[in-house]
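Asks: Quick one: structure below, then a few questions.
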Amino acid sequence: MDAFDIVIISVIAALGVGRFLVMRDQRRAPPPADAGPHKPTPQRIAGRVLLGYAYAMALFLLVRFLIHRM
C-alpha cells in the first residue's frame, strides 16, 4: 500500500463521514416554521469541511490521473 492508496481511502472516508454529519444535522434541524437565518452548528461545519476536502482531493486525483496519462 503506497501513499496514493492512503489518499484514496481518506477521500472515501471523508465523503462518507462528511455526508453523514451534514444529513444528521439536517434531520435534527428545527422545523422550517421559524424561517429566520440560523447559525450553522459545529457538526454541519465539520461536515462541510470534510466534504470540501473530499471534493478537492478527488479533483486533484482526477487531474493527476489525466496528466499522468499524457
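Identifiers in this document derive from the order of the C-alpha cells: chains are assigned A, B, ..., residues are numbered from 1 separately in each chain, and ligands are numbered from 1 in order of occurrence.
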Once DSSP has gone over the backbone, tell me which residues of chain A are in alpha helix (DSSP H), as a ChimeraX atom specification.
Replies: /A:3-28,42-69
Asks: Produce a file of the selected residues containing N, CA and C atoms, as a compact mmCIF listing (two decimals), in the first residue's frame.
Replies:
# COMPACT_ATOMS: atom_id res chain seq x y z
N ALA A 3 1.40 5.65 -0.78
CA ALA A 3 0.76 6.90 -0.36
C ALA A 3 -0.50 7.20 -1.17
N PHE A 4 -0.51 6.80 -2.42
CA PHE A 4 -1.67 7.06 -3.28
C PHE A 4 -2.91 6.32 -2.76
N ASP A 5 -2.73 5.09 -2.27
CA ASP A 5 -3.84 4.33 -1.70
C ASP A 5 -4.40 5.00 -0.45
N ILE A 6 -3.52 5.55 0.35
CA ILE A 6 -3.97 6.23 1.58
C ILE A 6 -4.80 7.46 1.23
N VAL A 7 -4.40 8.19 0.20
CA VAL A 7 -5.17 9.37 -0.23
C VAL A 7 -6.55 8.95 -0.71
N ILE A 8 -6.63 7.88 -1.47
CA ILE A 8 -7.93 7.41 -1.97
C ILE A 8 -8.82 6.98 -0.80
N ILE A 9 -8.25 6.27 0.16
CA ILE A 9 -9.03 5.85 1.33
C ILE A 9 -9.49 7.05 2.14
N SER A 10 -8.63 8.07 2.29
CA SER A 10 -9.04 9.25 3.06
C SER A 10 -10.14 10.02 2.34
N VAL A 11 -10.12 10.06 1.01
CA VAL A 11 -11.18 10.74 0.26
C VAL A 11 -12.50 10.00 0.44
N ILE A 12 -12.48 8.69 0.36
CA ILE A 12 -13.71 7.91 0.53
C ILE A 12 -14.25 8.07 1.95
N ALA A 13 -13.35 8.03 2.94
CA ALA A 13 -13.79 8.19 4.33
C ALA A 13 -14.34 9.59 4.58
N ALA A 14 -13.69 10.61 4.03
CA ALA A 14 -14.17 11.99 4.22
C ALA A 14 -15.53 12.19 3.56
N LEU A 15 -15.75 11.60 2.40
CA LEU A 15 -17.06 11.70 1.75
C LEU A 15 -18.14 11.07 2.63
N GLY A 16 -17.86 9.89 3.14
CA GLY A 16 -18.85 9.19 3.96
C GLY A 16 -19.15 9.91 5.26
N VAL A 17 -18.11 10.28 5.98
CA VAL A 17 -18.31 10.94 7.28
C VAL A 17 -18.90 12.33 7.10
N GLY A 18 -18.42 13.08 6.11
CA GLY A 18 -18.95 14.42 5.88
C GLY A 18 -20.42 14.40 5.51
N ARG A 19 -20.79 13.50 4.61
CA ARG A 19 -22.20 13.38 4.22
C ARG A 19 -23.07 12.95 5.39
N PHE A 20 -22.55 12.03 6.21
CA PHE A 20 -23.28 11.58 7.40
C PHE A 20 -23.53 12.75 8.36
N LEU A 21 -22.50 13.56 8.62
CA LEU A 21 -22.65 14.67 9.56
C LEU A 21 -23.64 15.71 9.05
N VAL A 22 -23.58 16.03 7.76
CA VAL A 22 -24.49 17.04 7.21
C VAL A 22 -25.93 16.52 7.24
N MET A 23 -26.14 15.28 6.84
CA MET A 23 -27.51 14.73 6.85
C MET A 23 -28.05 14.60 8.26
N ARG A 24 -27.21 14.20 9.21
CA ARG A 24 -27.66 14.07 10.61
C ARG A 24 -28.04 15.44 11.17
N ASP A 25 -27.26 16.47 10.82
CA ASP A 25 -27.59 17.81 11.30
C ASP A 25 -28.88 18.32 10.67
N GLN A 26 -29.13 17.98 9.41
CA GLN A 26 -30.36 18.42 8.75
C GLN A 26 -31.58 17.75 9.37
N ARG A 27 -31.44 16.49 9.79
CA ARG A 27 -32.57 15.81 10.42
C ARG A 27 -32.89 16.38 11.79
N ARG A 28 -31.86 16.89 12.47
CA ARG A 28 -32.05 17.46 13.81
C ARG A 28 -32.47 18.93 13.78
N PRO A 42 -21.61 23.33 14.80
CA PRO A 42 -20.26 22.80 14.59
C PRO A 42 -20.27 21.48 13.80
N GLN A 43 -21.32 20.70 13.98
CA GLN A 43 -21.44 19.44 13.25
C GLN A 43 -21.58 19.68 11.76
N ARG A 44 -22.39 20.65 11.39
CA ARG A 44 -22.57 20.96 9.97
C ARG A 44 -21.30 21.57 9.38
N ILE A 45 -20.62 22.40 10.15
CA ILE A 45 -19.36 22.99 9.67
C ILE A 45 -18.33 21.89 9.43
N ALA A 46 -18.21 20.96 10.37
CA ALA A 46 -17.26 19.86 10.21
C ALA A 46 -17.62 19.01 8.99
N GLY A 47 -18.91 18.77 8.78
CA GLY A 47 -19.33 18.01 7.61
C GLY A 47 -19.00 18.70 6.32
N ARG A 48 -19.21 20.01 6.28
CA ARG A 48 -18.89 20.77 5.06
C ARG A 48 -17.40 20.81 4.80
N VAL A 49 -16.60 20.92 5.86
CA VAL A 49 -15.14 20.93 5.69
C VAL A 49 -14.68 19.58 5.14
N LEU A 50 -15.21 18.48 5.69
CA LEU A 50 -14.83 17.17 5.19
C LEU A 50 -15.26 16.96 3.74
N LEU A 51 -16.46 17.42 3.40
CA LEU A 51 -16.91 17.29 2.02
C LEU A 51 -16.06 18.15 1.08
N GLY A 52 -15.70 19.34 1.52
CA GLY A 52 -14.83 20.20 0.71
C GLY A 52 -13.47 19.56 0.48
N TYR A 53 -12.91 18.96 1.54
CA TYR A 53 -11.64 18.26 1.39
C TYR A 53 -11.77 17.10 0.41
N ALA A 54 -12.84 16.34 0.55
CA ALA A 54 -13.02 15.17 -0.31
C ALA A 54 -13.18 15.58 -1.77
N TYR A 55 -13.97 16.61 -2.03
CA TYR A 55 -14.17 17.05 -3.42
C TYR A 55 -12.87 17.62 -4.00
N ALA A 56 -12.13 18.39 -3.21
CA ALA A 56 -10.87 18.97 -3.69
C ALA A 56 -9.85 17.87 -3.98
N MET A 57 -9.75 16.90 -3.11
CA MET A 57 -8.80 15.82 -3.33
C MET A 57 -9.22 14.93 -4.50
N ALA A 58 -10.52 14.71 -4.66
CA ALA A 58 -10.99 13.92 -5.81
C ALA A 58 -10.65 14.64 -7.11
N LEU A 59 -10.81 15.95 -7.14
CA LEU A 59 -10.44 16.72 -8.33
C LEU A 59 -8.94 16.65 -8.57
N PHE A 60 -8.15 16.76 -7.50
CA PHE A 60 -6.70 16.65 -7.62
C PHE A 60 -6.30 15.28 -8.17
N LEU A 61 -6.94 14.22 -7.68
CA LEU A 61 -6.62 12.87 -8.15
C LEU A 61 -6.99 12.70 -9.62
N LEU A 62 -8.12 13.27 -10.02
CA LEU A 62 -8.53 13.19 -11.42
C LEU A 62 -7.55 13.92 -12.32
N VAL A 63 -7.16 15.13 -11.93
CA VAL A 63 -6.21 15.90 -12.73
C VAL A 63 -4.87 15.17 -12.79
N ARG A 64 -4.43 14.64 -11.65
CA ARG A 64 -3.17 13.90 -11.63
C ARG A 64 -3.23 12.68 -12.55
N PHE A 65 -4.33 11.99 -12.53
CA PHE A 65 -4.51 10.82 -13.40
C PHE A 65 -4.47 11.22 -14.87
N LEU A 66 -5.17 12.31 -15.21
CA LEU A 66 -5.21 12.74 -16.61
C LEU A 66 -3.84 13.23 -17.09
N ILE A 67 -3.10 13.92 -16.24
CA ILE A 67 -1.78 14.39 -16.62
C ILE A 67 -0.84 13.20 -16.78
N HIS A 68 -0.98 12.24 -15.90
CA HIS A 68 -0.11 11.06 -15.97
C HIS A 68 -0.36 10.26 -17.25
N ARG A 69 -1.57 10.29 -17.75
CA ARG A 69 -1.93 9.55 -18.96
C ARG A 69 -1.38 10.20 -20.24
